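Some notes on the structure that comes next.
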Amino acid sequence: MVKGYVARHKLRRDGRRQIVSFQLPGDMLDLQHCLLSRADHNLQSMTPGSVAWVPIAALSQVASTFPRIATAFAKDALIDASIFREWISNIGTRDAKTRVAHVLCEFVQRREALGLGPLEDVQLPFSQEQLGDATGLTAVHVNRMLRELSEEGAFARSGRSFRITDWKRFKALADFDPSYLHMPAMT
């Protein structure tokens, strides 16, 4: 992913969508296809963006020629797996408000690590419906949870924009421990 935001999701036979991760600039979108011939999920752009297309044969050749690159690819896959485990835990064990806050904390943490903007001005690239598809909630329920989080002083919001007013409080409300991201934590 070069620019923009993408959602990785599964579609059910009944048409419902479960978003299983949000991809940010710099993420490898389909590295697993170097070894697997068929995708078991979809990618959907959440914003206008651009991707760099690299043929599978070229990625495989680079990985076999340069062991450190192969190691980097493996590390990327392991971090993706760590994020997937956290998302499963988020949906399966946290209440609605904590789920929404957790997804937002992850997005903010990863966005800040990429230098895409400060806590004081966060533009959400996804709708409340998309947040619902990521948390197993309806858009109406997501809206209620965003309102509650705002009323609790974690952040101030206006439409898709929000400003985190108390990062420590926001992380606490989200039950957010960024260690699963395997990147430096924000203070």
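Naming works like this for the structure tokens: A, B, ... for the chains as they're shown, residue 1 at the start of each chain, ligands 1 onward in shown order.
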Item to check | Exercise: Met183 (chain A) partners within 9 Å, only C-alpha atoms, chain neighbours under 5 positions left out, as a list in words | outcome: Arg110, Ala113 and Pro178 of chain A
Checklist entry - Excluding same-chain residues fewer than 4 positions from region 53-60 of chain A, what lies within 12 Å of it counting only C-alpha atoms, as a ChimeraX atom specification? => result /A:1-2,28-37,64-67,69-70,72-73
Next on the checklist: For the alpha helix (DSSP H) assignment from backbone DSSP, which residues of region 127-179 of chain A qualify? Please present them as a PyMOL selection string.
Outcome noted: chain A and resi 128-135+139-151+167-174
Item to check | From A:Ala7, A:Leu124, A:Val103, A:Ala77, residue lying nearest Gly159 (chain A) [only C-alpha atoms] | outcome: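 Smallest distance to Gly159 (chain A) is found for A:Leu124.
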Checklist entry - Leaving out Ser127 (chain A) and any residue of its chain fewer than 3 positions from it, which residues lie within 10 Å of it when counting only C-alpha atoms, given as a list of chain:residue names? => result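 So, after excluding close chain neighbours, the residues are A:Met46, A:Leu124, A:Gln130, A:Leu131, A:Gly132, A:Asp133, A:Ala139, A:Val142, A:Gly159, A:Arg160.
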Export of the given selection (N, CA and C atoms) as a compact mmCIF listing (two decimals), in the first residue's frame:
# COMPACT_ATOMS: atom_id res chain seq x y z
N MET A 46 -10.74 2.03 1.33
CA MET A 46 -11.58 2.88 2.16
C MET A 46 -11.47 4.35 1.73
N LEU A 124 -10.77 10.11 10.33
CA LEU A 124 -11.10 8.69 10.14
C LEU A 124 -11.37 8.42 8.67
N GLN A 130 -18.49 0.93 8.52
CA GLN A 130 -17.25 0.16 8.39
C GLN A 130 -16.65 -0.16 9.76
N LEU A 131 -16.72 0.79 10.70
CA LEU A 131 -16.29 0.50 12.07
C LEU A 131 -17.14 -0.62 12.67
N GLY A 132 -18.43 -0.60 12.35
CA GLY A 132 -19.32 -1.66 12.81
C GLY A 132 -18.92 -3.01 12.24
N ASP A 133 -18.56 -3.03 10.96
CA ASP A 133 -18.13 -4.28 10.33
C ASP A 133 -16.81 -4.77 10.91
N ALA A 139 -24.01 0.21 12.82
CA ALA A 139 -23.56 1.61 12.73
C ALA A 139 -24.20 2.45 13.83
N VAL A 142 -22.28 1.77 17.00
CA VAL A 142 -20.98 2.45 16.92
C VAL A 142 -21.15 3.93 17.24
N GLY A 159 -17.98 14.83 13.21
CA GLY A 159 -18.07 14.01 12.01
C GLY A 159 -17.02 12.92 12.03
N ARG A 160 -16.21 12.85 10.97
CA ARG A 160 -15.14 11.84 10.90
C ARG A 160 -13.83 12.36 11.47
Checklist entry - Between A:Arg68, A:Arg111, A:His182, A:Lys97, which is the closest to Glu152 (chain A) once you count only C-alpha atoms? => result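 For Glu152 (chain A), the nearest of the candidates is A:Lys97.
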Checklist entry - Which residue out of A:Leu146, A:Ala154, A:Ile83, A:Val51 has the minimum interatomic distance to Arg99 (chain A) when only C-alpha atoms are used? => result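 Once distances to Arg99 (chain A) are computed over only C-alpha atoms, the minimum belongs to A:Leu146.
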Item to check | Selected residue, from A:Ala74, A:Ile91, A:Ile79, A:Leu24, that lies nearest to Ser50 (chain A) when counting only C-alpha atoms | outcome: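 Looking at the shortest contact to Ser50 (chain A), the residue is A:Leu24.
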Next on the checklist: Here is a test: counting only C-alpha atoms, which residue of A:Thr98, A:Val122, A:Lys75, A:Thr135 is nearest to Ala156 (chain A)?
Outcome noted: A:Val122
Item to check | Å distance separating CA of Ala96 (chain A) from CA of Gly115 (chain A), one decimal place | outcome: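 Pair CA of Ala96 (chain A) / CA of Gly115 (chain A) returns 28.9 Å.
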Next on the checklist: For a test of reading the model, state the distance in Å between CA of Tyr5 (chain A) and CA of Phe126 (chain A), rounded to one decimal.
Outcome noted: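 So the two atoms, CA of Tyr5 (chain A) and CA of Phe126 (chain A), lie 8.6 Å apart.
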Checklist entry - What is the distance, in Å and to one decimal place, between CA of Leu104 (chain A) and CA of Ser89 (chain A)? => result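 One can read the CA of Leu104 (chain A) to CA of Ser89 (chain A) distance as 15.2 Å.
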